[in-house]
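Data file: model_35.txt. Format and content: compact mmCIF, C-alpha atoms (C1' of nucleotides).
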# COMPACT_ATOMS: atom_id res chain seq x y z
CA MET W 1 41.49 91.62 61.10
CA LYS W 2 40.24 88.15 61.87
CA LYS W 3 40.15 88.40 65.56
CA LYS W 4 40.29 91.04 68.20
CA LEU W 5 43.63 90.98 69.89
CA THR W 6 43.03 90.56 73.59
CA VAL W 7 46.40 91.98 74.31
CA ASN W 8 45.70 93.04 77.90
CA ILE W 9 44.93 89.48 78.92
CA LEU W 10 48.01 88.29 77.07
CA TYR W 11 50.10 90.86 78.91
CA LYS W 12 48.65 89.90 82.27
CA GLU W 13 49.32 86.20 81.73
CA LEU W 14 52.89 86.74 80.58
CA LEU W 15 53.56 89.06 83.49
CA ARG W 16 52.15 86.54 85.93
CA HIS W 17 54.27 83.77 84.46
CA PHE W 18 57.61 85.51 83.94
CA GLY W 19 57.43 88.52 86.26
CA LYS W 20 58.65 91.99 85.38
CA GLN W 21 61.67 92.12 83.07
CA TYR W 22 62.75 95.73 83.64
CA TRP W 23 64.07 96.13 80.11
CA TRP W 24 66.19 97.42 78.37
CA PRO W 25 69.36 95.93 79.86
CA GLY W 26 71.67 98.93 79.69
CA GLU W 27 72.99 101.51 82.08
CA THR W 28 72.75 104.62 79.94
CA ARG W 29 70.71 105.99 77.09
CA GLU W 30 73.66 105.68 74.75
CA GLU W 31 74.35 102.11 75.79
CA ILE W 32 70.76 101.26 74.90
CA ILE W 33 71.11 102.90 71.49
CA ILE W 34 74.34 101.01 70.81
CA GLY W 35 72.82 97.75 72.03
CA ALA W 36 69.87 98.21 69.69
CA VAL W 37 72.19 97.98 66.70
CA LEU W 38 74.40 95.24 68.12
CA THR W 39 71.46 92.94 68.84
CA GLN W 40 70.29 92.86 65.24
CA ASN W 41 69.76 89.18 64.43
CA THR W 42 72.05 88.16 67.27
CA ASN W 43 71.53 86.70 70.71
CA TRP W 44 72.01 88.95 73.69
CA ALA W 45 74.89 86.97 75.21
CA ASN W 46 77.05 87.87 72.22
CA VAL W 47 75.93 91.48 72.40
CA GLU W 48 77.01 91.64 76.03
CA LYS W 49 80.51 90.54 75.08
CA ALA W 50 80.70 93.30 72.50
CA ILE W 51 79.36 95.86 74.96
CA ASN W 52 81.91 94.77 77.56
CA ASN W 53 84.68 95.25 75.02
CA LEU W 54 83.42 98.75 74.32
CA LYS W 55 83.26 99.48 78.04
CA LYS W 56 86.77 98.18 78.69
CA ASN W 57 88.04 100.53 76.00
CA ASP W 58 85.96 103.43 77.27
CA CYS W 59 84.03 103.51 74.01
CA ILE W 60 80.45 103.00 75.15
CA SER W 61 79.27 106.37 73.90
CA LEU W 62 78.22 107.81 70.56
CA GLY W 63 80.78 110.58 70.86
CA LYS W 64 83.57 108.02 71.20
CA ILE W 65 82.24 105.86 68.38
CA VAL W 66 82.21 108.77 65.98
CA LYS W 67 85.93 109.27 66.55
CA LEU W 68 86.89 105.60 66.61
CA HIS W 69 88.44 104.01 63.51
CA LYS W 70 86.01 101.67 61.86
CA LYS W 71 88.52 98.85 61.95
CA LYS W 72 89.04 99.24 65.68
CA LEU W 73 85.30 99.43 66.24
CA SER W 74 84.80 96.22 64.23
CA GLU W 75 87.34 94.46 66.42
CA LEU W 76 85.64 95.54 69.62
CA ILE W 77 82.19 94.45 68.54
CA LYS W 78 83.34 91.24 66.88
CA PRO W 79 81.52 88.85 69.24
CA SER W 80 78.15 90.30 68.23
CA GLY W 81 78.54 89.05 64.66
CA TYR W 82 78.20 90.98 61.37
CA PHE W 83 80.88 93.20 62.84
CA ASN W 84 81.80 95.04 59.65
CA ILE W 85 78.22 95.96 58.87
CA LYS W 86 77.41 96.82 62.46
CA ALA W 87 80.50 99.00 62.77
CA GLU W 88 79.27 100.97 59.78
CA ARG W 89 75.76 101.19 61.18
CA LEU W 90 77.01 102.34 64.56
CA LYS W 91 79.14 105.01 62.93
CA SER W 92 76.18 106.29 60.89
CA LEU W 93 73.92 106.36 63.91
CA ALA W 94 76.53 108.00 66.10
CA GLU W 95 77.05 110.65 63.43
CA PHE W 96 73.34 111.22 63.25
CA PHE W 97 73.01 111.89 66.97
CA THR W 98 76.24 113.79 67.50
CA ASN W 99 75.75 116.05 64.49
CA SER W 100 72.35 117.16 65.64
CA PHE W 101 71.50 119.45 68.54
CA ASP W 102 75.14 119.73 69.58
CA TYR W 103 75.15 116.09 70.63
CA ASN W 104 72.61 116.79 73.34
CA LEU W 105 70.27 113.82 73.31
CA LYS W 106 67.98 115.48 75.80
CA LYS W 107 66.97 117.88 73.08
CA TRP W 108 65.77 114.96 70.98
CA GLU W 109 63.25 114.15 73.71
CA LYS W 110 61.30 117.26 72.80
CA ILE W 111 61.02 116.35 69.13
CA ASP W 112 57.76 114.81 67.96
CA VAL W 113 58.18 111.06 68.27
CA TYR W 114 57.11 110.31 64.69
CA LYS W 115 59.42 112.94 63.33
CA LEU W 116 62.33 111.40 65.19
CA ARG W 117 61.26 107.97 63.94
CA GLU W 118 61.25 109.24 60.39
CA GLN W 119 64.75 110.67 60.85
CA LEU W 120 66.07 107.45 62.38
CA LEU W 121 64.71 105.38 59.49
CA LYS W 122 66.72 107.48 57.10
CA VAL W 123 69.93 106.37 58.79
CA LYS W 124 71.41 103.47 56.83
CA GLY W 125 71.16 100.29 58.86
CA ILE W 126 68.30 101.47 61.04
CA GLY W 127 65.07 99.69 60.23
CA GLU W 128 61.72 99.78 61.97
CA GLU W 129 62.58 97.49 64.84
CA THR W 130 65.87 99.17 65.67
CA ALA W 131 64.30 102.62 65.41
CA ASP W 132 61.40 101.60 67.63
CA SER W 133 63.69 99.97 70.20
CA ILE W 134 65.61 103.22 70.44
CA LEU W 135 62.42 105.27 70.73
CA ASN W 136 60.78 103.04 73.30
CA TYR W 137 63.72 102.09 75.48
CA ALA W 138 66.24 104.90 75.08
CA PHE W 139 63.82 107.79 74.73
CA ASP W 140 60.90 106.39 76.76
CA LYS W 141 58.43 106.90 73.94
CA LYS W 142 55.13 105.06 73.78
CA ILE W 143 56.07 103.03 70.71
CA PHE W 144 55.56 99.27 70.61
CA VAL W 145 58.48 97.24 69.31
CA VAL W 146 57.62 94.41 66.92
CA ASP W 147 60.29 91.78 66.45
CA ALA W 148 60.75 88.26 65.12
CA TYR W 149 59.21 86.83 68.30
CA THR W 150 56.16 89.07 68.01
CA LYS W 151 55.65 88.00 64.42
CA ARG W 152 56.11 84.37 65.35
CA LEU W 153 53.73 84.72 68.28
CA ASN W 154 51.15 86.21 65.97
CA ILE W 155 51.46 83.45 63.40
CA ARG W 156 51.74 80.55 65.86
CA HIS W 157 48.89 81.74 68.03
CA ARG W 158 46.92 83.55 65.36
CA LEU W 159 46.37 86.70 67.34
CA ILE W 160 45.46 88.74 64.29
CA ASP W 161 45.56 88.05 60.57
CA GLY W 162 48.64 85.96 59.86
CA LYS W 163 49.87 88.08 57.01
CA SER W 164 50.20 91.22 59.08
CA THR W 165 53.01 93.61 58.26
CA TYR W 166 55.20 95.28 60.85
CA SER W 167 53.05 98.40 61.01
CA GLU W 168 49.79 96.45 61.13
CA LEU W 169 51.02 94.42 64.08
CA GLN W 170 52.36 97.50 65.81
CA LYS W 171 49.11 99.34 65.29
CA SER W 172 47.08 96.46 66.61
CA PHE W 173 49.10 96.22 69.81
CA ALA W 174 49.00 99.97 70.31
CA GLU W 175 45.27 100.16 69.77
CA HIS W 176 44.42 97.53 72.35
CA LEU W 177 47.14 97.71 74.97
CA LYS W 178 46.08 99.78 77.92
CA GLY W 179 48.99 101.25 79.80
CA ASP W 180 51.89 103.66 79.69
CA VAL W 181 55.34 103.53 78.17
CA GLU W 182 56.55 101.18 80.91
CA ASP W 183 53.88 98.65 79.93
CA TYR W 184 54.99 98.91 76.31
CA LYS W 185 58.53 98.12 77.38
CA GLU W 186 57.43 95.21 79.54
CA LEU W 187 55.17 93.53 77.02
CA HIS W 188 57.81 93.49 74.33
CA ALA W 189 60.34 92.08 76.80
CA LEU W 190 57.84 89.42 77.92
CA ILE W 191 57.13 88.39 74.34
CA VAL W 192 60.87 87.89 73.85
CA MET W 193 60.98 85.78 77.02
CA LEU W 194 58.11 83.67 75.74
CA GLY W 195 59.75 83.27 72.35
CA LYS W 196 63.08 82.28 73.84
CA ASN W 197 61.58 79.67 76.09
CA TYR W 198 58.48 78.40 74.34
CA CYS W 199 56.70 78.23 70.98
CA LYS W 200 59.89 77.29 69.20
CA THR W 201 58.75 74.33 67.19
CA LYS W 202 55.01 74.18 67.47
CA PRO W 203 52.17 76.59 68.16
CA ARG W 204 51.17 75.27 71.55
CA CYS W 205 52.28 72.72 74.03
CA ASP W 206 51.17 71.53 77.45
CA VAL W 207 53.46 73.91 79.29
CA CYS W 208 52.75 77.01 77.23
CA PRO W 209 52.20 80.00 79.53
CA LEU W 210 49.51 81.13 77.13
CA ASN W 211 47.24 78.18 77.89
CA LYS W 212 45.55 80.19 80.61
CA TYR W 213 45.15 82.98 78.11
CA TYR W 214 43.19 80.62 75.88
CA LYS W 215 41.02 79.58 78.79
CA VAL W 216 39.94 83.19 79.03
CA VAL W 217 39.68 84.23 75.39
CA GLY W 218 38.85 80.88 73.82
CA ASN W 219 40.81 78.74 71.42
CA GLY W 220 42.03 80.84 68.56
CA LEU W 221 43.13 77.89 66.51
C1' DG G 1 78.31 69.96 61.81
C1' DA G 2 73.78 71.98 61.56
C1' DC G 3 70.87 75.23 63.46
C1' DC G 4 69.59 79.38 65.75
C1' DA G 5 69.80 84.22 67.54
C1' DG G 6 65.88 90.66 70.13
C1' DG G 7 67.65 92.81 61.30
C1' DC G 8 68.75 95.27 57.38
C1' DA G 9 69.86 96.51 52.58
C1' DC G 10 69.85 95.15 48.16
C1' DA G 11 68.77 92.32 43.93
C1' DT G 12 65.44 90.02 41.38
C1' DC G 13 61.09 88.45 39.82
C1' DG K 1 54.74 93.42 47.11
C1' DA K 2 56.84 88.93 47.95
C1' DT K 3 61.01 86.24 48.09
C1' DG K 4 66.05 85.29 48.26
C1' DT K 5 70.76 86.43 49.73
C1' DG K 6 74.92 88.24 52.21
C1' DC K 7 76.51 89.58 56.45
C1' DA K 8 79.39 86.35 61.11
C1' DT K 9 79.88 85.19 65.92
C1' DG K 10 79.11 81.88 69.74
C1' DG K 11 75.96 78.57 72.21
C1' DT K 12 73.34 74.19 71.95

Representation of the structure as structure tokens:
Amino acid sequence: MKKKLTVNILYKELLRHFGKQYWWPGETREEIIIGAVLTQNTNWANVEKAINNLKKNDCISLGKIVKLHKKKLSELIKPSGYFNIKAERLKSLAEFFTNSFDYNLKKWEKIDVYKLREQLLKVKGIGEETADSILNYAFDKKIFVVDAYTKRLNIRHRLIDGKSTYSELQKSFAEHLKGDVEDYKELHALIVMLGKNYCKTKPRCDVCPLNKYYKVVGNGL
DNA sequence: GACCAGGCACATC
DNA sequence: GATGTGCATGGT
């Protein structure tokens, strides 16, 4: 690693700038799980439309999705894009959860977090980010979610070695971030906020919320 | 009309 | 292990 990730200062600055995000947007555990698949490479506004369709049809649960025809499911989630693939992924994931422990998700809470992660990754269509989003936000596990924004943040601001893999980035954040599961949720949400609003075309600009961060830790560039 | 958005699986080198 | 491609909608 080139540089020690001063992640606590980063967190503090982002929190000060954006305020608490209270993620994940979702009313129930199952809605969060469903949203985690729907948001794959898609903006949240489109996901919301899909979720609203599911709600209107009383289908915002894994038990309902298991029984739903794939074609009907595709129609409902159409606004989120990749609807055929996502319908398949949702079916697989719904089968995974409903077939285990008598469809009692509370029982999953007691499983070792890494064991559950391993199981989730075996489900077709569930990669590291989706699995970690489910673990962190739906199951309140202390697992840091790395996404496109986190990778971009790392490269643009050179937090750690630019060629870091998903697990290297995740490990680095986990090693340095002081806090509980709620802080893990917040920091990921804040990094998404930063990515949506800044750092789109160039590493730094005059209005970058991270400028104060650099005043504290020095110029990493 | 081009480009982007809170990925993933699969093929190919 | 790195890189390329298909999957698809809706906002800017």

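CA of Lys107 in chain W lies 29.3 Å from CA of Leu76 in chain W.
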
> Near DA5 in chain G, counting all atoms listed in the file, which residues have an atom at most 6 Å away, once you skip same-chain residues fewer than 2 positions from it, shown as a ChimeraX atom specification?
Replying inline: /W:41-43

>> Around (69.1, 96.1, 58.0), as given in the file, which residues come within 8 Å? Count only C-alpha atoms (C1' of nucleotides) and list them as number ranges by chain.
In response: W: 124-127; G: 7-9

> Interatomic distance between CA of His176 in chain W and CA of Val7 in chain W?
Replying inline: 6.2 Å

> Excluding same-chain residues fewer than 2 positions from range 167-169 of chain W, what lies within 9 Å of it counting all atoms listed in the file, as an MDAnalysis selection string?
Replying inline: chainID W and resid 128 146 150:151 154 160 164:165 171:174

>> Please find the residues of chain W near chain K - the criterion being any atom within 8 Å, counting all atoms listed in the file - and write them as a ChimeraX atom specification.
In response: /W:46,78-83,85

>> Quick check, in Å to one decimal: how far apart do CA of Gln119 in chain W and CA of Ser92 in chain W lie?
In response: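 Computed distance, CA of Gln119 in chain W to CA of Ser92 in chain W, equals 12.2 Å.
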
>> Env of Asp147 in chain W: 10 Å cut, atoms = all atoms listed in the file, seq-sep filter 5 positions within chain, self excluded. Answer as a list of chain:residue names.
In response: W:Glu128, W:Glu129, W:Thr130, W:Asp132, W:Ser133, W:Arg152, W:Leu153, W:Tyr166, W:Leu169, W:Gln170, W:His188, W:Ile191, W:Val192, G:DG6, G:DG7
